[in-house]
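Engineer: Structure supplied as entry.cif; contents: mmCIF, C-alpha atoms.
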data_structure
loop_
_atom_site.group_PDB
_atom_site.id
_atom_site.type_symbol
_atom_site.label_atom_id
_atom_site.label_comp_id
_atom_site.auth_asym_id
_atom_site.auth_seq_id
_atom_site.Cartn_x
_atom_site.Cartn_y
_atom_site.Cartn_z
ATOM 1 C CA MET C 1 39.055 17.878 1.007
ATOM 2 C CA THR C 2 36.949 17.912 -2.146
ATOM 3 C CA ILE C 3 34.813 14.837 -2.738
ATOM 4 C CA THR C 4 34.365 14.007 -6.412
ATOM 5 C CA ARG C 5 30.870 12.803 -7.235
ATOM 6 C CA MET C 6 30.315 10.789 -10.371
ATOM 7 C CA THR C 7 27.921 11.987 -13.035
ATOM 8 C CA ILE C 8 24.892 9.727 -13.341
ATOM 9 C CA THR C 9 21.899 9.485 -15.657
ATOM 10 C CA VAL C 10 18.402 9.360 -14.201
ATOM 11 C CA ALA C 11 15.172 8.661 -16.102
ATOM 12 C CA VAL C 12 11.971 10.016 -14.562
ATOM 13 C CA PRO C 13 8.427 9.236 -15.742
ATOM 14 C CA ASP C 14 7.081 12.704 -16.471
ATOM 15 C CA ALA C 15 7.957 16.313 -17.131
ATOM 16 C CA ALA C 16 6.588 17.391 -13.752
ATOM 17 C CA MET C 17 9.132 15.306 -11.842
ATOM 18 C CA LEU C 18 11.845 16.390 -14.252
ATOM 19 C CA ASP C 19 11.034 20.017 -13.454
ATOM 20 C CA ARG C 20 10.942 19.409 -9.704
ATOM 21 C CA LEU C 21 14.369 17.720 -9.793
ATOM 22 C CA SER C 22 15.950 20.068 -12.323
ATOM 23 C CA ALA C 23 17.962 21.973 -9.707
ATOM 24 C CA ILE C 24 19.614 18.837 -8.395
ATOM 25 C CA GLY C 25 23.005 19.618 -9.939
ATOM 26 C CA HIS C 26 25.049 19.602 -13.117
ATOM 27 C CA ASP C 27 26.407 16.126 -12.327
ATOM 28 C CA VAL C 28 22.973 14.536 -12.808
ATOM 29 C CA VAL C 29 21.616 14.047 -16.321
ATOM 30 C CA LEU C 30 17.824 13.935 -16.185
ATOM 31 C CA GLU C 31 15.539 12.659 -18.916
ATOM 32 C CA VAL C 32 11.893 11.670 -19.247
ATOM 33 C CA TRP C 33 11.160 8.027 -20.034
ATOM 34 C CA THR C 34 8.235 5.759 -19.269
ATOM 35 C CA THR C 35 7.542 2.080 -19.703
ATOM 36 C CA ASP C 36 5.376 2.965 -22.730
ATOM 37 C CA ASP C 37 8.354 4.461 -24.573
ATOM 38 C CA PRO C 38 10.808 2.539 -26.798
ATOM 39 C CA PRO C 39 13.454 0.613 -24.791
ATOM 40 C CA LEU C 40 16.359 2.648 -23.469
ATOM 41 C CA ASP C 41 19.370 2.368 -25.761
ATOM 42 C CA HIS C 42 21.948 4.034 -23.494
ATOM 43 C CA PRO C 43 23.174 3.429 -19.921
ATOM 44 C CA VAL C 44 20.862 4.764 -17.214
ATOM 45 C CA ASP C 45 21.869 4.539 -13.561
ATOM 46 C CA LEU C 46 18.403 5.049 -12.073
ATOM 47 C CA VAL C 47 14.938 4.649 -13.580
ATOM 48 C CA VAL C 48 11.976 5.986 -11.624
ATOM 49 C CA LEU C 49 8.892 4.037 -12.660
ATOM 50 C CA PRO C 50 5.536 5.716 -13.248
ATOM 51 C CA TYR C 51 3.228 5.602 -10.256
ATOM 52 C CA SER C 52 1.233 2.353 -9.902
ATOM 53 C CA VAL C 53 2.821 0.728 -12.947
ATOM 54 C CA SER C 54 2.393 -3.048 -12.845
ATOM 55 C CA ALA C 55 5.277 -5.426 -12.227
ATOM 56 C CA ALA C 56 4.219 -7.018 -15.523
ATOM 57 C CA THR C 57 6.284 -4.308 -17.248
ATOM 58 C CA LEU C 58 9.540 -5.468 -15.653
ATOM 59 C CA PRO C 59 10.455 -8.227 -18.159
ATOM 60 C CA ALA C 60 10.860 -5.453 -20.750
ATOM 61 C CA PHE C 61 14.015 -4.409 -18.858
ATOM 62 C CA ALA C 62 15.787 -7.652 -19.848
ATOM 63 C CA HIS C 63 19.162 -6.809 -21.410
ATOM 64 C CA SER C 64 18.431 -3.140 -20.706
ATOM 65 C CA PRO C 65 21.331 -0.755 -19.882
ATOM 66 C CA VAL C 66 19.698 0.107 -16.541
ATOM 67 C CA SER C 67 21.207 -0.377 -13.096
ATOM 68 C CA VAL C 68 18.568 0.534 -10.472
ATOM 69 C CA ILE C 69 14.785 0.695 -10.739
ATOM 70 C CA GLN C 70 12.986 2.898 -8.230
ATOM 71 C CA SER C 71 9.287 2.199 -7.789
ATOM 72 C CA GLN C 72 6.898 4.905 -6.622
ATOM 73 C CA THR C 73 4.813 2.312 -4.782
ATOM 74 C CA LEU C 74 5.267 0.446 -1.531
ATOM 75 C CA GLY C 75 4.047 -2.968 -2.675
ATOM 76 C CA PHE C 76 6.269 -5.246 -4.728
ATOM 77 C CA ASP C 77 3.934 -8.006 -5.846
ATOM 78 C CA ALA C 78 5.535 -10.461 -8.306
ATOM 79 C CA VAL C 79 8.728 -8.383 -8.612
ATOM 80 C CA GLU C 80 10.910 -11.280 -7.491
ATOM 81 C CA GLN C 81 9.453 -13.474 -10.207
ATOM 82 C CA LEU C 82 9.512 -10.878 -12.998
ATOM 83 C CA LEU C 83 12.636 -8.757 -12.477
ATOM 84 C CA PRO C 84 15.313 -9.654 -15.061
ATOM 85 C CA ALA C 85 18.850 -10.490 -14.009
ATOM 86 C CA GLY C 86 21.314 -7.682 -13.439
ATOM 87 C CA LEU C 87 18.889 -5.186 -11.907
ATOM 88 C CA THR C 88 18.169 -3.760 -8.475
ATOM 89 C CA TYR C 89 14.575 -2.920 -7.551
ATOM 90 C CA CYS C 90 13.722 -0.502 -4.729
ATOM 91 C CA ASN C 91 10.293 0.306 -3.327
ATOM 92 C CA ALA C 92 9.010 3.613 -1.964
ATOM 93 C CA VAL C 93 9.344 3.172 1.790
ATOM 94 C CA GLY C 94 8.204 6.278 3.656
ATOM 95 C CA VAL C 95 6.045 7.615 0.837
ATOM 96 C CA HIS C 96 2.648 5.926 1.185
ATOM 97 C CA GLU C 97 2.369 4.542 4.711
ATOM 98 C CA GLY C 98 0.872 7.704 6.201
ATOM 99 C CA PRO C 99 -1.698 8.401 3.466
ATOM 100 C CA THR C 100 -2.716 4.729 3.361
ATOM 101 C CA ALA C 101 -3.223 4.708 7.132
ATOM 102 C CA GLU C 102 -5.165 7.962 6.814
ATOM 103 C CA LEU C 103 -7.529 6.310 4.346
ATOM 104 C CA ALA C 104 -7.873 3.223 6.567
ATOM 105 C CA VAL C 105 -9.034 5.431 9.435
ATOM 106 C CA ALA C 106 -11.389 7.297 7.093
ATOM 107 C CA LEU C 107 -12.941 4.010 5.950
ATOM 108 C CA ILE C 108 -13.337 2.862 9.545
ATOM 109 C CA LEU C 109 -15.044 6.093 10.571
ATOM 110 C CA GLU C 110 -17.243 6.078 7.477
ATOM 111 C CA SER C 111 -18.550 2.619 8.287
ATOM 112 C CA GLN C 112 -18.632 2.931 12.085
ATOM 113 C CA ARG C 113 -20.588 6.209 11.921
ATOM 114 C CA GLY C 114 -22.812 5.252 8.992
ATOM 115 C CA LEU C 115 -21.483 8.019 6.775
ATOM 116 C CA ASP C 116 -21.854 5.853 3.670
ATOM 117 C CA VAL C 117 -25.560 5.374 4.375
ATOM 118 C CA ILE C 118 -26.021 9.067 5.100
ATOM 119 C CA ALA C 119 -24.191 10.090 1.902
ATOM 120 C CA ARG C 120 -26.456 7.883 -0.193
ATOM 121 C CA ALA C 121 -29.518 9.463 1.443
ATOM 122 C CA GLN C 122 -28.326 13.034 0.878
ATOM 123 C CA PRO C 123 -29.315 13.476 -2.811
ATOM 124 C CA SER C 124 -32.940 12.708 -1.937
ATOM 125 C CA GLY C 125 -32.919 15.162 0.963
ATOM 126 C CA SER C 126 -33.590 12.357 3.430
ATOM 127 C CA TRP C 127 -32.928 13.288 7.073
ATOM 128 C CA GLN C 128 -31.874 9.753 7.992
ATOM 129 C CA ARG C 129 -30.822 9.222 11.606
ATOM 130 C CA ASP C 130 -29.890 5.905 13.162
ATOM 131 C CA TRP C 131 -27.632 4.316 15.761
ATOM 132 C CA TYR C 132 -24.186 3.296 14.531
ATOM 133 C CA PRO C 133 -21.348 1.445 16.331
ATOM 134 C CA GLY C 134 -18.899 4.362 16.565
ATOM 135 C CA LEU C 135 -15.185 3.912 17.181
ATOM 136 C CA LEU C 136 -14.612 4.931 20.788
ATOM 137 C CA GLY C 137 -13.995 1.885 22.969
ATOM 138 C CA ARG C 138 -14.055 -0.587 20.094
ATOM 139 C CA SER C 139 -11.605 -3.458 19.734
ATOM 140 C CA VAL C 140 -9.353 -3.127 16.672
ATOM 141 C CA LEU C 141 -7.115 -5.903 15.376
ATOM 142 C CA ILE C 142 -4.370 -4.913 12.932
ATOM 143 C CA VAL C 143 -2.951 -7.776 10.885
ATOM 144 C CA GLY C 144 0.583 -6.710 9.983
ATOM 145 C CA VAL C 145 2.956 -4.455 11.898
ATOM 146 C CA GLY C 146 5.094 -3.102 9.046
ATOM 147 C CA GLY C 147 4.999 0.464 7.788
ATOM 148 C CA VAL C 148 1.278 0.590 7.005
ATOM 149 C CA GLY C 149 0.187 -1.391 10.048
ATOM 150 C CA ASP C 150 2.293 0.755 12.361
ATOM 151 C CA ALA C 151 0.965 3.956 10.785
ATOM 152 C CA VAL C 152 -2.622 2.739 11.229
ATOM 153 C CA ALA C 153 -1.928 1.944 14.880
ATOM 154 C CA ALA C 154 -0.460 5.410 15.479
ATOM 155 C CA ARG C 155 -3.527 7.097 14.033
ATOM 156 C CA LEU C 156 -6.048 4.919 15.865
ATOM 157 C CA GLU C 157 -4.532 5.230 19.352
ATOM 158 C CA PRO C 158 -6.019 8.707 20.037
ATOM 159 C CA PHE C 159 -9.518 7.378 19.304
ATOM 160 C CA GLY C 160 -9.600 5.374 22.532
ATOM 161 C CA VAL C 161 -9.695 1.934 20.938
ATOM 162 C CA ALA C 162 -8.488 -1.360 22.381
ATOM 163 C CA LEU C 163 -5.704 -2.189 19.958
ATOM 164 C CA SER C 164 -4.328 -5.669 19.187
ATOM 165 C CA ARG C 165 -1.710 -6.485 16.565
ATOM 166 C CA VAL C 166 -0.641 -9.638 14.773
ATOM 167 C CA ALA C 167 2.518 -10.467 12.834
ATOM 168 C CA ARG C 168 4.224 -13.600 11.596
ATOM 169 C CA THR C 169 6.063 -13.992 14.904
ATOM 170 C CA ALA C 170 5.199 -12.868 18.425
ATOM 171 C CA ARG C 171 7.333 -10.111 19.942
ATOM 172 C CA GLU C 172 7.160 -6.714 21.595
ATOM 173 C CA ASP C 173 7.895 -3.221 20.327
ATOM 174 C CA ARG C 174 7.383 0.331 21.542
ATOM 175 C CA ARG C 175 3.606 -0.076 21.249
ATOM 176 C CA GLY C 176 3.517 -3.261 23.300
ATOM 177 C CA VAL C 177 2.722 -6.893 22.578
ATOM 178 C CA ILE C 178 2.581 -8.241 19.031
ATOM 179 C CA HIS C 179 0.775 -11.559 18.740
ATOM 180 C CA SER C 180 1.662 -14.410 16.432
ATOM 181 C CA LEU C 181 -0.474 -15.365 13.443
ATOM 182 C CA ARG C 182 -1.243 -18.531 15.380
ATOM 183 C CA ASP C 183 -3.303 -16.365 17.764
ATOM 184 C CA LEU C 184 -5.576 -15.117 14.977
ATOM 185 C CA PRO C 185 -8.488 -17.515 15.635
ATOM 186 C CA THR C 186 -8.852 -16.231 19.193
ATOM 187 C CA LEU C 187 -8.254 -12.569 18.370
ATOM 188 C CA LEU C 188 -10.627 -12.484 15.400
ATOM 189 C CA GLY C 189 -13.543 -13.476 17.576
ATOM 190 C CA LYS C 190 -12.943 -10.507 19.878
ATOM 191 C CA ALA C 191 -12.314 -7.732 17.356
ATOM 192 C CA ASP C 192 -14.971 -5.251 16.278
ATOM 193 C CA ILE C 193 -12.695 -4.079 13.462
ATOM 194 C CA VAL C 194 -9.997 -6.023 11.574
ATOM 195 C CA VAL C 195 -7.509 -4.042 9.470
ATOM 196 C CA LEU C 196 -5.286 -5.773 6.909
ATOM 197 C CA GLY C 197 -1.859 -4.147 6.583
ATOM 198 C CA ILE C 198 0.296 -6.939 5.176
ATOM 199 C CA PRO C 199 2.094 -7.378 1.840
ATOM 200 C CA LEU C 200 0.892 -9.786 -0.804
ATOM 201 C CA THR C 201 3.074 -12.907 -0.794
ATOM 202 C CA PRO C 202 2.451 -16.556 -1.695
ATOM 203 C CA GLU C 203 1.695 -17.127 2.005
ATOM 204 C CA THR C 204 -0.816 -14.276 2.337
ATOM 205 C CA THR C 205 -2.608 -14.782 -1.001
ATOM 206 C CA GLY C 206 -6.171 -15.815 -0.166
ATOM 207 C CA MET C 207 -5.431 -15.721 3.558
ATOM 208 C CA VAL C 208 -8.796 -14.121 4.305
ATOM 209 C CA ASP C 209 -10.997 -17.001 3.241
ATOM 210 C CA ALA C 210 -14.298 -18.408 4.458
ATOM 211 C CA ALA C 211 -12.659 -19.990 7.518
ATOM 212 C CA PHE C 212 -11.028 -16.658 8.470
ATOM 213 C CA LEU C 213 -14.331 -14.813 8.070
ATOM 214 C CA ASP C 214 -16.252 -17.413 10.077
ATOM 215 C CA GLN C 215 -13.916 -16.697 13.011
ATOM 216 C CA MET C 216 -14.719 -12.979 12.976
ATOM 217 C CA LYS C 217 -17.118 -11.442 15.450
ATOM 218 C CA ALA C 218 -20.702 -11.101 14.178
ATOM 219 C CA GLY C 219 -21.183 -7.695 12.581
ATOM 220 C CA ALA C 220 -17.460 -6.878 12.648
ATOM 221 C CA LEU C 221 -15.841 -4.642 10.048
ATOM 222 C CA LEU C 222 -13.044 -5.897 7.768
ATOM 223 C CA VAL C 223 -10.839 -3.155 6.282
ATOM 224 C CA ASN C 224 -8.386 -3.958 3.483
ATOM 225 C CA VAL C 225 -5.813 -1.334 2.454
ATOM 226 C CA SER C 226 -3.150 -3.897 1.476
ATOM 227 C CA ARG C 227 -3.744 -5.945 -1.668
ATOM 228 C CA GLY C 228 -6.993 -7.322 -3.005
ATOM 229 C CA ALA C 229 -5.708 -10.864 -3.533
ATOM 230 C CA ILE C 230 -5.153 -11.296 0.212
ATOM 231 C CA VAL C 231 -8.935 -11.619 0.457
ATOM 232 C CA ASP C 232 -11.099 -14.255 -1.210
ATOM 233 C CA THR C 233 -13.623 -12.036 -2.991
ATOM 234 C CA ALA C 234 -16.277 -14.747 -3.270
ATOM 235 C CA ALA C 235 -15.956 -15.498 0.443
ATOM 236 C CA ILE C 236 -16.398 -11.890 1.576
ATOM 237 C CA THR C 237 -19.286 -11.425 -0.846
ATOM 238 C CA ALA C 238 -21.081 -14.384 0.704
ATOM 239 C CA SER C 239 -20.269 -13.273 4.240
ATOM 240 C CA VAL C 240 -21.496 -9.720 3.694
ATOM 241 C CA ALA C 241 -24.617 -10.915 1.882
ATOM 242 C CA SER C 242 -25.516 -13.042 4.913
ATOM 243 C CA GLY C 243 -25.089 -10.056 7.227
ATOM 244 C CA ALA C 244 -22.240 -11.719 9.110
ATOM 245 C CA ILE C 245 -19.681 -8.938 8.552
ATOM 246 C CA ARG C 246 -19.204 -5.514 6.964
ATOM 247 C CA VAL C 247 -16.305 -4.569 4.692
ATOM 248 C CA ALA C 248 -14.453 -1.398 3.696
ATOM 249 C CA LEU C 249 -12.127 -2.067 0.782
ATOM 250 C CA ASP C 250 -9.587 0.149 -0.928
ATOM 251 C CA VAL C 251 -8.260 -2.855 -2.835
ATOM 252 C CA VAL C 252 -10.137 -5.728 -4.455
ATOM 253 C CA GLU C 253 -9.494 -8.776 -6.590
ATOM 254 C CA PRO C 254 -9.851 -8.260 -9.498
ATOM 255 C CA GLU C 255 -9.089 -4.583 -9.996
ATOM 256 C CA PRO C 256 -11.064 -2.811 -11.139
ATOM 257 C CA LEU C 257 -14.041 -4.690 -9.756
ATOM 258 C CA PRO C 258 -16.531 -5.427 -12.575
ATOM 259 C CA PRO C 259 -19.433 -2.933 -12.594
ATOM 260 C CA ASP C 260 -21.985 -5.711 -12.148
ATOM 261 C CA HIS C 261 -20.278 -7.329 -9.164
ATOM 262 C CA PRO C 262 -22.669 -7.684 -6.188
ATOM 263 C CA LEU C 263 -20.195 -6.074 -3.782
ATOM 264 C CA TRP C 264 -20.998 -2.673 -5.310
ATOM 265 C CA THR C 265 -24.582 -2.732 -4.053
ATOM 266 C CA LEU C 266 -24.611 -4.968 -0.973
ATOM 267 C CA PRO C 267 -25.444 -3.192 2.303
ATOM 268 C CA GLY C 268 -22.456 -2.934 4.630
ATOM 269 C CA VAL C 269 -19.904 -2.479 1.844
ATOM 270 C CA ILE C 270 -17.693 0.542 1.171
ATOM 271 C CA ILE C 271 -15.349 0.449 -1.845
ATOM 272 C CA THR C 272 -12.755 3.023 -2.838
ATOM 273 C CA PRO C 273 -10.729 2.666 -6.084
ATOM 274 C CA HIS C 274 -7.259 1.911 -4.670
ATOM 275 C CA LEU C 275 -6.624 5.430 -3.386
ATOM 276 C CA GLY C 276 -4.337 4.563 -0.464
ATOM 277 C CA GLY C 277 -1.285 6.530 -1.512
ATOM 278 C CA GLN C 278 -2.896 8.735 -4.144
ATOM 279 C CA VAL C 279 -2.752 12.173 -2.550
ATOM 280 C CA ALA C 280 -1.529 15.483 -3.961
ATOM 281 C CA SER C 281 1.231 15.666 -1.344
ATOM 282 C CA MET C 282 2.957 12.555 -2.722
ATOM 283 C CA ALA C 283 5.612 14.595 -4.547
ATOM 284 C CA SER C 284 6.807 16.009 -1.222
ATOM 285 C CA ARG C 285 7.820 12.494 -0.204
ATOM 286 C CA ILE C 286 8.826 10.736 -3.420
ATOM 287 C CA ASP C 287 11.108 13.562 -4.583
ATOM 288 C CA PRO C 288 13.315 13.508 -1.462
ATOM 289 C CA LEU C 289 13.583 9.735 -1.785
ATOM 290 C CA VAL C 290 14.710 10.021 -5.414
ATOM 291 C CA ARG C 291 17.219 12.726 -4.472
ATOM 292 C CA LEU C 292 18.595 10.513 -1.706
ATOM 293 C CA GLN C 293 18.932 7.563 -4.074
ATOM 294 C CA ILE C 294 20.782 9.761 -6.561
ATOM 295 C CA SER C 295 23.140 10.994 -3.859
ATOM 296 C CA ARG C 296 23.890 7.475 -2.702
ATOM 297 C CA LEU C 297 24.572 6.222 -6.209
ATOM 298 C CA GLN C 298 26.863 9.168 -6.888
ATOM 299 C CA SER C 299 28.775 8.348 -3.713
ATOM 300 C CA GLY C 300 29.177 4.695 -4.675
ATOM 301 C CA LEU C 301 26.694 3.473 -2.058
ATOM 302 C CA SER C 302 23.909 0.972 -2.496
ATOM 303 C CA PRO C 303 20.440 2.477 -2.846
ATOM 304 C CA LEU C 304 17.961 2.289 0.003
ATOM 305 C CA ASN C 305 14.883 0.065 0.205
ATOM 306 C CA ILE C 306 16.160 -2.768 -1.982
ATOM 307 C CA VAL C 307 13.513 -5.475 -2.165
ATOM 308 C CA VAL C 308 14.946 -7.534 -5.061
ATOM 309 C CA ASP C 309 18.540 -7.542 -6.299
ATOM 310 C CA THR C 310 19.371 -9.726 -9.302
ATOM 311 C CA ARG C 311 22.821 -8.285 -10.025
ATOM 312 C CA THR C 312 24.511 -11.566 -9.102
ATOM 313 C CA SER C 313 22.060 -13.677 -11.110
ATOM 314 C CA SER C 314 23.186 -15.316 -14.311
#
Would you write the structure of this file as structure tokens?

Structural biologist:
Amino acid sequence: MTITRMTITVAVPDAAMLDRLSAIGHDVVLEVWTTDDPPLDHPVDLVVLPYSVSAATLPAFAHSPVSVIQSQTLGFDAVEQLLPAGLTYCNAVGVHEGPTAELAVALILESQRGLDVIARAQPSGSWQRDWYPGLLGRSVLIVGVGGVGDAVAARLEPFGVALSRVARTAREDRRGVIHSLRDLPTLLGKADIVVLGIPLTPETTGMVDAAFLDQMKAGALLVNVSRGAIVDTAAITASVASGAIRVALDVVEPEPLPPDHPLWTLPGVIITPHLGGQVASMASRIDPLVRLQISRLQSGLSPLNIVVDTRTSS
């Protein structure tokens, strides 16, 4: 039996993706369009957003002839508030979890082995040796057990750490016990390293405040690869300045961090410019996801990874 697949129109954000998807089939019309271009004036079944584009661009899709928006990012901050009615928004599950976890481990090792200090000493030819905490045998608390948190756990297990995990509700999974957020005060005081792997929501905004930091073990390392607004920047600045904790941040609030902000120069601070998912291998994961979404839409199925659906809104 021959299955008829409908012809659909797909807008991609650059010529490189257009070229990579060009062999997808004659029943897919591909075109290049970005959020900087004039509004689309013809029906488009799937729009792939540029990488890291802000949700602030979404209101421009109001009254647009678009059906599904596919993000190239995992986070979906403010999408629920900003997505116009009649649209479906999907995030990029399976694309960035591994690279983000990879960076989290790199930041941990950099701080725990003093590689940041050593790198700063290198240009002067300084043979600077010291004792650093290391990772083997350390207690690591991961806040969040979703895709990123689980990927961080998988990569840390071979390092011989004592791993604890926290989520909104207590439960068990294949890795063992997951504690409730209510257990955080006790767990924070025992952890040498705390990794944030949770999405930004109204509940998690500013969650890491002065009270949270005061509960952390003296000299512990806080790693944030989630969203900058989860952490109170003034609070961590004060805590690091006092020597109470160390931080390794791939995300900050605001972004970019102003050049004169004290976090740039305080001892015990490592900052990377939101590089979590930004690796050259990204195309090998986003392209299959886009192809799968196209196939599902052609077959009359709902797309995967829907995080906000306003098609029934008025």

Engineer: Convert the output of the PyMOL selection byres ((chain C and resi 216-218) around 9) on the shown file into explicit residues, formatted as JSON, numbers by chain.

Structural biologist: {"C": [185, 187, 188, 189, 190, 191, 192, 193, 194, 212, 213, 214, 215, 219, 220, 221, 222, 243, 244, 245]}

Engineer: Would you write out, as a PDB file with C-alpha atoms, keeping the file's coordinate frame, every residue that the PyMOL selection byres ((chain C and resi 195) around 6) captures in this file?

Structural biologist:
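The new file result_33.pdb reads:
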ATOM      1  CA  ILE C 142      -4.370  -4.913  12.932  1.00  0.00           C
ATOM      2  CA  VAL C 194      -9.997  -6.023  11.574  1.00  0.00           C
ATOM      3  CA  LEU C 196      -5.286  -5.773   6.909  1.00  0.00           C
ATOM      4  CA  VAL C 223     -10.839  -3.155   6.282  1.00  0.00           C
TER       5      VAL C 223
END

Engineer: Starting from the PyMOL selection byres ((chain C and resi 164-176) around 9), expand the selection into actual residues of this file and give them as an MDAnalysis selection string.

Structural biologist: chainID C and resid 139:146 149 153:154 162:163 177:184 187 191 198

Engineer: Using C-alpha atoms, can you write the selected residues to a file as a CSV table (one decimal), in the coordinates of the input?

Structural biologist:
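After the write, part31.csv holds the following:
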chain,number,residue,atom,x,y,z
C,139,SER,CA,-11.6,-3.5,19.7
C,140,VAL,CA,-9.4,-3.1,16.7
C,141,LEU,CA,-7.1,-5.9,15.4
C,142,ILE,CA,-4.4,-4.9,12.9
C,143,VAL,CA,-3.0,-7.8,10.9
C,144,GLY,CA,0.6,-6.7,10.0
C,145,VAL,CA,3.0,-4.5,11.9
C,146,GLY,CA,5.1,-3.1,9.0
C,149,GLY,CA,0.2,-1.4,10.0
C,153,ALA,CA,-1.9,1.9,14.9
C,154,ALA,CA,-0.5,5.4,15.5
C,162,ALA,CA,-8.5,-1.4,22.4
C,163,LEU,CA,-5.7,-2.2,20.0
C,177,VAL,CA,2.7,-6.9,22.6
C,178,ILE,CA,2.6,-8.2,19.0
C,179,HIS,CA,0.8,-11.6,18.7
C,180,SER,CA,1.7,-14.4,16.4
C,181,LEU,CA,-0.5,-15.4,13.4
C,182,ARG,CA,-1.2,-18.5,15.4
C,183,ASP,CA,-3.3,-16.4,17.8
C,184,LEU,CA,-5.6,-15.1,15.0
C,187,LEU,CA,-8.3,-12.6,18.4
C,191,ALA,CA,-12.3,-7.7,17.4
C,198,ILE,CA,0.3,-6.9,5.2

Engineer: Under the rule that only C-alpha atoms are counted, which of C:Glu31, C:Glu80, C:Asp19, C:Asp45 is the nearest residue to Pro202 (chain C)?

Structural biologist: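 The answer is C:Glu80, which sits nearest to Pro202 (chain C).
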
Engineer: How many Å separate CA of Arg311 (chain C) from CA of Thr88 (chain C)?

Structural biologist: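 These two atoms are separated by 6.7 Å.
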
Engineer: Go ahead and compute the interatomic distance for CA of Pro50 (chain C) and CA of Met17 (chain C), in Å to one decimal.

Structural biologist: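 Answer for the CA of Pro50 (chain C) to CA of Met17 (chain C) separation: 10.3 Å.
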
Engineer: Mind listing whatever residues come within 9 Å of the point (10.3, 5.4, 3.1)? Use all atoms listed in the file, file coordinates, and give them as a list of chain:residue names.

Structural biologist: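 Checked against the point, the hits come out as C:Leu74, C:Asn91, C:Ala92, C:Val93, C:Gly94, C:Val95, C:His96, C:Glu97, C:Gly147, C:Arg285, C:Ile286, C:Leu289, C:Leu304, C:Asn305.
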
Engineer: Do a neighbour search on Ala78 (chain C) at 12 Å with all atoms listed in the file, toss out local chain neighbours closer than 2 positions, and write the hits as a count of residues only.

Structural biologist: 21

Engineer: Neighbours of region 250-267 of chain C within 6 Å (only C-alpha atoms; same-chain residues fewer than 5 positions away dropped), as an MDAnalysis selection string?

Structural biologist: chainID C and resid 225 227:229 272:274

Engineer: Which distance in Å separates CA of Cys90 (chain C) and CA of Ser302 (chain C), to one decimal?

Structural biologist: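 Rounded to one decimal, the two atoms are 10.5 Å apart.
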
Engineer: Pick out the residues sitting within 9 Å of Ser64 (chain C), and hand them over as a VMD selection string; count all atoms listed in the file, and ignore anything fewer than 3 positions along from it in its own chain.

Structural biologist: chain C and resid 39 to 44 60 to 61 67

Engineer: Counting all atoms listed in the file, which of C:Ser295, C:Thr100, C:Thr310, C:Gln72 gets nearest to Val28 (chain C)?

Structural biologist: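 Under the stated criterion, the closest residue is C:Ser295.
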
Engineer: Between C:Gln293, C:Ser284, C:Ser242, C:Gln112, which one has atoms that come closest to Leu136 (chain C), using only C-alpha atoms?

Structural biologist: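 Comparing C:Gln293, C:Ser284, C:Ser242, C:Gln112 against Leu136 (chain C), the winner is C:Gln112.
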
Engineer: Please determine, counting all atoms listed in the file, which residue among C:Leu297, C:Ile270, C:Ala234, C:Met282 has the shortest atom-to-atom distance to Leu249 (chain C).

Structural biologist: C:Ile270

Engineer: Would you output region 55-65 of chain C from that structure, restricted to N, CA and C atoms, as a PDB file, in the first residue's frame?

Structural biologist:
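As a result, part_28.pdb now contains:
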ATOM      1  N   ALA C  55      13.085  34.600  23.208  1.00  0.00           N
ATOM      2  CA  ALA C  55      11.623  34.470  23.148  1.00  0.00           C
ATOM      3  C   ALA C  55      10.954  35.809  22.888  1.00  0.00           C
ATOM      4  N   ALA C  56      11.677  36.898  23.072  1.00  0.00           N
ATOM      5  CA  ALA C  56      11.129  38.234  22.822  1.00  0.00           C
ATOM      6  C   ALA C  56      10.728  38.420  21.359  1.00  0.00           C
ATOM      7  N   THR C  57      11.235  37.548  20.472  1.00  0.00           N
ATOM      8  CA  THR C  57      10.869  37.657  19.056  1.00  0.00           C
ATOM      9  C   THR C  57       9.515  37.017  18.753  1.00  0.00           C
ATOM     10  N   LEU C  58       8.983  36.238  19.666  1.00  0.00           N
ATOM     11  CA  LEU C  58       7.779  35.459  19.387  1.00  0.00           C
ATOM     12  C   LEU C  58       6.532  36.307  19.112  1.00  0.00           C
ATOM     13  N   PRO C  59       6.315  37.433  19.795  1.00  0.00           N
ATOM     14  CA  PRO C  59       5.117  38.222  19.484  1.00  0.00           C
ATOM     15  C   PRO C  59       5.014  38.625  18.017  1.00  0.00           C
ATOM     16  N   ALA C  60       6.138  38.665  17.301  1.00  0.00           N
ATOM     17  CA  ALA C  60       6.114  39.024  15.887  1.00  0.00           C
ATOM     18  C   ALA C  60       5.387  37.980  15.044  1.00  0.00           C
ATOM     19  N   PHE C  61       5.153  36.789  15.616  1.00  0.00           N
ATOM     20  CA  PHE C  61       4.441  35.732  14.892  1.00  0.00           C
ATOM     21  C   PHE C  61       2.921  35.878  15.014  1.00  0.00           C
ATOM     22  N   ALA C  62       2.440  36.892  15.718  1.00  0.00           N
ATOM     23  CA  ALA C  62       0.993  37.101  15.829  1.00  0.00           C
ATOM     24  C   ALA C  62       0.386  37.277  14.440  1.00  0.00           C
ATOM     25  N   HIS C  63      -0.695  36.552  14.184  1.00  0.00           N
ATOM     26  CA  HIS C  63      -1.394  36.597  12.899  1.00  0.00           C
ATOM     27  C   HIS C  63      -0.509  36.113  11.738  1.00  0.00           C
ATOM     28  N   SER C  64       0.538  35.360  12.084  1.00  0.00           N
ATOM     29  CA  SER C  64       1.439  34.846  11.054  1.00  0.00           C
ATOM     30  C   SER C  64       0.905  33.524  10.511  1.00  0.00           C
ATOM     31  N   PRO C  65       1.112  33.237   9.213  1.00  0.00           N
ATOM     32  CA  PRO C  65       0.628  31.984   8.619  1.00  0.00           C
ATOM     33  C   PRO C  65       1.560  30.808   8.924  1.00  0.00           C
TER      34      PRO C  65
END
